[in-house]
Every structure is written in C-alpha cells, then in structure tokens.
>>> print(open('coords-v6.tsv').read())   # TSV, C-alpha atoms
chain	number	residue	atom	x	y	z
A	1	MET	CA	-15.18	-16.00	-10.31
A	2	TYR	CA	-14.30	-13.13	-12.66
A	3	SER	CA	-12.20	-11.26	-10.10
A	4	ARG	CA	-10.30	-14.38	-9.07
A	5	PHE	CA	-9.65	-16.09	-12.41
A	6	PHE	CA	-10.33	-13.80	-15.37
A	7	LYS	CA	-9.60	-10.19	-14.40
A	8	ARG	CA	-5.80	-10.62	-14.48
A	9	PRO	CA	-5.72	-12.28	-17.96
A	10	LEU	CA	-7.97	-9.47	-19.22
A	11	ASP	CA	-5.54	-6.92	-17.80
A	12	ILE	CA	-2.61	-8.55	-19.59
A	13	ALA	CA	-4.50	-8.72	-22.88
A	14	GLY	CA	-5.59	-5.11	-22.57
A	15	ALA	CA	-2.11	-3.84	-21.74
A	16	LEU	CA	-0.52	-5.78	-24.62
A	17	THR	CA	-3.15	-4.44	-27.01
A	18	ALA	CA	-2.45	-0.90	-25.78
A	19	PHE	CA	1.28	-1.35	-26.40
A	20	LEU	CA	0.60	-2.56	-29.95
A	21	LEU	CA	-1.85	0.24	-30.77
A	22	LEU	CA	-0.36	3.11	-28.79
A	23	GLY	CA	3.35	2.33	-28.74
A	24	TRP	CA	4.04	4.96	-31.40
A	25	LEU	CA	2.09	7.53	-29.38
A	26	GLY	CA	4.03	6.73	-26.22
A	27	LEU	CA	7.30	7.21	-28.08
A	28	ALA	CA	6.11	10.55	-29.48
A	29	VAL	CA	5.05	11.75	-26.02
A	30	ALA	CA	8.41	10.67	-24.58
A	31	LEU	CA	10.26	12.72	-27.19
A	32	LEU	CA	8.04	15.74	-26.55
A	33	VAL	CA	8.56	15.47	-22.78
A	34	ARG	CA	12.33	15.34	-23.34
A	35	TRP	CA	12.13	18.41	-25.59
A	36	ASN	CA	9.82	20.47	-23.36
A	37	LEU	CA	10.81	19.42	-19.85
A	38	GLY	CA	14.20	17.78	-20.22
A	39	SER	CA	15.34	14.68	-18.38
A	40	PRO	CA	14.10	12.46	-16.81
A	41	VAL	CA	11.22	11.68	-19.14
A	42	LEU	CA	9.45	9.44	-16.63
A	43	PHE	CA	8.15	10.41	-13.21
A	44	CYS	CA	8.53	7.49	-10.80
A	45	GLN	CA	7.03	7.32	-7.33
A	46	MET	CA	6.32	4.58	-4.81
A	47	ARG	CA	2.60	3.95	-4.35
A	48	PRO	CA	0.68	1.35	-2.30
A	49	GLY	CA	-0.99	-1.42	-4.28
A	50	LYS	CA	-2.95	-4.49	-3.30
A	51	GLU	CA	-2.77	-5.18	0.44
A	52	GLY	CA	-0.92	-1.86	0.77
A	53	LEU	CA	2.32	-3.28	-0.68
A	54	LEU	CA	4.45	-0.60	-2.32
A	55	PHE	CA	5.33	-0.61	-6.01
A	56	ARG	CA	7.01	1.87	-8.35
A	57	LEU	CA	4.44	3.75	-10.43
A	58	TYR	CA	5.44	5.22	-13.80
A	59	LYS	CA	4.07	8.32	-15.51
A	60	PHE	CA	5.33	10.77	-18.08
A	61	ARG	CA	6.74	13.82	-16.40
A	62	THR	CA	4.44	16.87	-16.43
A	63	MET	CA	6.18	19.34	-14.10
A	64	THR	CA	9.49	21.16	-13.93
A	65	ASP	CA	11.95	20.85	-11.04
A	66	GLU	CA	11.82	24.57	-10.33
A	67	ARG	CA	12.73	25.44	-6.75
A	68	GLY	CA	12.38	28.50	-4.56
A	69	SER	CA	15.21	30.51	-3.00
A	70	ASP	CA	15.28	28.10	-0.05
A	71	GLY	CA	15.88	25.14	-2.34
A	72	THR	CA	12.47	23.51	-1.90
A	73	LEU	CA	10.26	22.60	-4.83
A	74	LEU	CA	7.68	25.20	-5.77
A	75	PRO	CA	3.97	24.28	-5.48
A	76	ASP	CA	2.57	21.95	-8.15
A	77	ALA	CA	0.52	24.72	-9.77
A	78	GLN	CA	3.69	26.77	-10.40
A	79	ARG	CA	5.69	23.84	-11.79
A	80	LEU	CA	2.93	22.46	-14.02
A	81	THR	CA	3.62	23.78	-17.53
A	82	PRO	CA	0.96	24.28	-20.25
A	83	PHE	CA	2.43	21.22	-21.98
A	84	GLY	CA	2.19	19.21	-18.76
A	85	ARG	CA	-1.38	20.39	-18.25
A	86	PHE	CA	-2.20	19.15	-21.76
A	87	LEU	CA	-0.71	15.72	-20.98
A	88	ARG	CA	-2.79	15.48	-17.81
A	89	SER	CA	-6.03	16.67	-19.40
A	90	THR	CA	-5.68	14.04	-22.15
A	91	SER	CA	-4.36	11.37	-19.72
A	92	LEU	CA	-1.36	10.84	-22.03
A	93	ASP	CA	0.89	11.08	-18.96
A	94	GLU	CA	-0.63	7.79	-17.76
A	95	LEU	CA	0.51	5.71	-20.76
A	96	PRO	CA	3.57	4.22	-18.97
A	97	GLN	CA	1.23	2.61	-16.45
A	98	PHE	CA	0.42	-0.10	-18.97
A	99	LEU	CA	3.85	-1.40	-17.93
A	100	ASN	CA	2.67	-1.42	-14.31
A	101	ILE	CA	-0.30	-3.49	-15.45
A	102	LEU	CA	1.87	-6.02	-17.27
A	103	CYS	CA	4.07	-6.33	-14.17
A	104	GLY	CA	1.02	-7.16	-12.06
A	105	ASP	CA	1.17	-4.04	-9.90
A	106	MET	CA	-1.98	-2.52	-11.38
A	107	SER	CA	-5.17	-3.41	-13.21
A	108	LEU	CA	-7.02	-1.72	-16.05
A	109	ILE	CA	-9.83	-0.90	-13.61
A	110	GLY	CA	-9.52	-0.35	-9.87
A	111	PRO	CA	-8.98	2.38	-7.25
A	112	ARG	CA	-6.28	4.84	-8.30
A	113	PRO	CA	-3.00	4.34	-6.38
A	114	LEU	CA	-2.52	7.22	-3.94
A	115	LEU	CA	0.37	8.30	-1.75
A	116	PRO	CA	1.76	5.85	0.86
A	117	GLU	CA	1.57	8.60	3.48
A	118	TYR	CA	-2.22	8.31	3.33
A	119	LEU	CA	-2.28	4.68	4.52
A	120	PRO	CA	-2.49	5.45	8.27
A	121	LEU	CA	-5.14	8.13	7.63
A	122	TYR	CA	-7.78	5.83	6.17
A	123	SER	CA	-10.73	4.61	8.19
A	124	GLU	CA	-11.24	0.87	8.50
A	125	ARG	CA	-13.75	0.96	5.64
A	126	GLN	CA	-11.56	3.14	3.43
A	127	ARG	CA	-8.69	0.67	3.81
A	128	ARG	CA	-10.77	-1.87	1.91
A	129	ARG	CA	-9.77	-0.08	-1.32
A	130	HIS	CA	-6.48	-1.97	-0.97
A	131	GLU	CA	-8.15	-5.38	-1.14
A	132	VAL	CA	-7.81	-5.15	-4.94
A	133	ARG	CA	-5.11	-4.02	-7.37
A	134	PRO	CA	-5.11	-0.27	-8.07
A	135	GLY	CA	-6.31	0.70	-11.54
A	136	LEU	CA	-5.42	2.85	-14.49
A	137	SER	CA	-9.00	4.08	-14.14
A	138	GLY	CA	-11.84	3.28	-11.80
A	139	LEU	CA	-15.32	4.03	-10.54
A	140	ALA	CA	-14.21	7.26	-8.83
A	141	GLN	CA	-12.55	8.45	-12.05
A	142	VAL	CA	-15.66	8.10	-14.20
A	143	CYS	CA	-17.84	9.64	-11.48
A	144	GLY	CA	-15.90	12.88	-11.26
A	145	ARG	CA	-12.18	12.12	-11.09
A	146	ASN	CA	-10.28	14.77	-9.10
A	147	ALA	CA	-13.35	17.04	-8.91
A	148	LEU	CA	-14.78	14.74	-6.21
A	149	SER	CA	-14.22	15.30	-2.51
A	150	TRP	CA	-11.90	12.84	-0.78
A	151	GLU	CA	-14.83	11.29	1.11
A	152	GLU	CA	-16.75	10.68	-2.12
A	153	ARG	CA	-13.72	9.36	-3.96
A	154	LEU	CA	-12.68	6.87	-1.28
A	155	GLU	CA	-16.24	5.63	-0.82
A	156	LEU	CA	-16.50	4.91	-4.56
A	157	ASP	CA	-13.19	3.03	-4.39
A	158	VAL	CA	-14.56	0.80	-1.64
A	159	ARG	CA	-17.83	0.21	-3.51
A	160	TYR	CA	-15.83	-0.97	-6.51
A	161	ALA	CA	-13.71	-3.32	-4.38
A	162	GLU	CA	-16.89	-4.83	-2.93
A	163	SER	CA	-18.61	-5.55	-6.25
A	164	ILE	CA	-16.23	-6.36	-9.11
A	165	THR	CA	-17.90	-7.82	-12.21
A	166	PHE	CA	-16.89	-8.33	-15.84
A	167	MET	CA	-19.73	-6.20	-17.19
A	168	GLY	CA	-18.99	-3.54	-14.61
A	169	ASP	CA	-15.36	-3.34	-15.74
A	170	MET	CA	-16.36	-3.17	-19.40
A	171	LYS	CA	-18.74	-0.30	-18.69
A	172	LEU	CA	-16.05	1.54	-16.71
A	173	ILE	CA	-13.55	1.15	-19.58
A	174	LEU	CA	-16.05	2.68	-22.02
A	175	ARG	CA	-16.95	5.47	-19.60
A	176	THR	CA	-13.25	6.16	-19.07
A	177	LEU	CA	-12.67	6.60	-22.80
A	178	ASN	CA	-15.60	9.01	-22.97
A	179	MET	CA	-14.36	11.00	-19.99
A	180	VAL	CA	-10.82	11.26	-21.36
A	181	LEU	CA	-12.15	12.57	-24.67
A	182	ARG	CA	-14.19	15.18	-22.80
A	183	ARG	CA	-11.26	16.03	-20.48
A	184	GLU	CA	-13.46	16.24	-17.39
A	185	GLY	CA	-12.49	16.28	-13.72
A	186	VAL	CA	-8.75	16.71	-14.26
A	187	SER	CA	-8.34	18.85	-11.15
A	188	ALA	CA	-10.20	20.02	-8.08
A	189	ALA	CA	-11.21	23.66	-7.85
A	190	GLY	CA	-8.21	25.79	-6.89
A	191	SER	CA	-5.72	22.93	-7.16
A	192	ALA	CA	-3.39	21.53	-9.83
A	193	THR	CA	-4.75	18.07	-9.02
A	194	MET	CA	-6.37	17.58	-5.60
A	195	PRO	CA	-5.76	19.06	-2.15
A	196	LEU	CA	-3.89	16.78	0.25
A	197	PHE	CA	-6.01	14.17	1.96
A	198	ALA	CA	-7.71	15.54	5.09
A	199	GLY	CA	-5.13	18.33	5.24
A	200	ARG	CA	-3.03	16.18	7.57
A	201	THR	CA	-0.02	15.67	5.28
A	202	SER	CA	0.84	19.28	4.51
A	203	GLY	CA	4.17	19.93	2.87
A	204	MET	CA	3.98	16.84	0.65
A	205	GLU	CA	3.36	16.76	-3.07
A	206	GLN	CA	-0.02	15.46	-4.12
A	207	GLY	CA	0.06	12.38	-6.32
A	208	ARG	CA	-2.54	11.92	-9.01
>>> encode(input="coords-v6.tsv", output="structure tokens")
Amino acid sequence: MYSRFFKRPLDIAGALTAFLLLGWLGLAVALLVRWNLGSPVLFCQMRPGKEGLLFRLYKFRTMTDERGSDGTLLPDAQRLTPFGRFLRSTSLDELPQFLNILCGDMSLIGPRPLLPEYLPLYSERQRRRHEVRPGLSGLAQVCGRNALSWEERLELDVRYAESITFMGDMKLILRTLNMVLRREGVSAAGSATMPLFAGRTSGMEQGR
C-alpha cells in the first residue's frame, strides 16, 4: 500500500522541502564549483531507473577534465580535486538530484542509480533492484556505501526492493543523515569511488 500509493507523494514533499531549506546552499555550491572547476557546473550522465529505463542524472561537478597526452581523460583519482573530494564526502554534490526526484526519475530512498553498461552484467536476482525507482540514498548506502563489495551492495539493493515500508524509509532517511555527518564509506579502498563492477567494463568511468 505504501509503495504503491504513498511513497511518491512523500518523495515530492521531501524534495520540495529540501528546495525550500537548502536552495541557498545549492546556489552557494554552484558558485563555488564554477569558481574552482569552471564550467559546466553540473555533471550529467544517463543512468538506468525503474524497469531499467534511462534518465539523465544531475550532480554537481567534482572532477576536472584533465586529459593525458593521448587525449583520453585521466583516471578519476587524478581528476578529483580536494574541493571535489569535500563535495563528495559531504554529499553536497548530490543536491541537484532533488530535481530528479521531482521529475519522477528517482526517489528519496531506493537503490543508487548505477551505470547503464552494468545492466547486462547483473544476475537475474540483481536485476530486481530495477523494480523500484533509484534513490538519493538507500539501504546499501547506510550499510557501508562505497566501502561495500559489489556483491554486498547489490544484494542490499534487492532486499530493499523486496520489502519497502514507510517506517523502513523513515529509518533509512535518519541513518542517511547520520552517515553524511560522519562522512563514512565515501570510497572503496584504493579507489576514488568504487572499482568497476566485476572488472568487466574496464576503460569506463565509474559512476557514484
């Protein structure tokens, strides 16, 4: 009942509240991104949402466009500036995703939207994560975020999709706030974010 009739209105109310309370902060971050990293201020990338349908995800930019001598982008770790690392550790880079929530592409709580190139790599069970809208935060985020292994992270995504409840979402929102304040699990060991899924999509940037 909650998932079908009440989760979406709660998402809209939450996103509108965030715009009212945090709009000034989003504007300040946008100006700082423009000052520190230049244009564009927003990082946009296609990600799969509910039922695997692609949508355009928005984030504040955290990396430079620095390229090697061959013209290809340098690894994430080399392009991620101290300022960008601060935005990621505080999750301020995620503020534009409240717009994704208002548009109906995302939810406050759900599996994080990953790269579309991962879609054919999922097992039948792992594909169940796409039965629900992706979230600004989710069960995997509060249980370790990017410090989890891929197997652990995807299993938690599926568990969430199988058992959505109002109280569960409220608890995850509170746990998310606590985790953001503590800045935990921002990246996996030895990686700017996470290693590529299963090591079968080498040469592609990892999306967070």
>>> closest_atom_pairs(input="coords-v6.tsv", of="range 30-113 of chain A", to="range 131-150 of chain A", cutoff="6 Å", atoms="all atoms listed in the file", output="JSON lines")
{"residue": "A:Gly49", "atom": "CA", "partner": "A:Pro134", "partner_atom": "CA", "distance": 5.7}
{"residue": "A:Lys50", "atom": "CA", "partner": "A:Arg133", "partner_atom": "CA", "distance": 4.6}
{"residue": "A:Glu51", "atom": "CA", "partner": "A:Glu131", "partner_atom": "CA", "distance": 5.6}
{"residue": "A:Met106", "atom": "CA", "partner": "A:Pro134", "partner_atom": "CA", "distance": 5.1}
{"residue": "A:Ser107", "atom": "CA", "partner": "A:Gly135", "partner_atom": "CA", "distance": 4.6}
{"residue": "A:Leu108", "atom": "CA", "partner": "A:Leu136", "partner_atom": "CA", "distance": 5.1}
{"residue": "A:Ile109", "atom": "CA", "partner": "A:Gly135", "partner_atom": "CA", "distance": 4.4}
{"residue": "A:Gly110", "atom": "CA", "partner": "A:Gly135", "partner_atom": "CA", "distance": 3.8}
{"residue": "A:Pro111", "atom": "CA", "partner": "A:Pro134", "partner_atom": "CA", "distance": 4.8}
{"residue": "A:Arg112", "atom": "CA", "partner": "A:Pro134", "partner_atom": "CA", "distance": 5.2}
{"residue": "A:Pro113", "atom": "CA", "partner": "A:Pro134", "partner_atom": "CA", "distance": 5.3}
>>> closest_residue(input="coords-v6.tsv", among="A:Leu54, A:Ile164, A:Leu21, A:Leu80", to="Leu114 in chain A", atoms="all atoms listed in the file")
A:Leu54
>>> axis_aligned_box(input="coords-v6.tsv", around="range 48-57 of chain A", padding_each_side="5 Å", output="lines of an AutoDock Vina configuration file")
center_x = 2.0
center_y = -0.7
center_z = -4.8
size_x = 20.0
size_y = 18.9
size_z = 21.2
>>> residues_around(input="coords-v6.tsv", residues="Phe55 in chain A", least_positions_apart="2", cutoff="9 Å", atoms="all atoms listed in the file", output="short mmCIF file (atom, residue, chain, number, x, y, z; two decimals) with C-alpha atoms, in the frame of the given file")
data_model
loop_
_atom_site.label_atom_id
_atom_site.label_comp_id
_atom_site.auth_asym_id
_atom_site.auth_seq_id
_atom_site.Cartn_x
_atom_site.Cartn_y
_atom_site.Cartn_z
CA GLN A 45 7.03 7.32 -7.33
CA MET A 46 6.32 4.58 -4.81
CA ARG A 47 2.60 3.95 -4.35
CA PRO A 48 0.68 1.35 -2.30
CA GLY A 49 -0.99 -1.42 -4.28
CA LEU A 53 2.32 -3.28 -0.68
CA LEU A 57 4.44 3.75 -10.43
CA ASN A 100 2.67 -1.42 -14.31
CA ASP A 105 1.17 -4.04 -9.90
#
>>> atom_distance(input="coords-v6.tsv", atom1="CA of Leu177 in chain A", atom2="CA of Leu27 in chain A")
20.7 Å
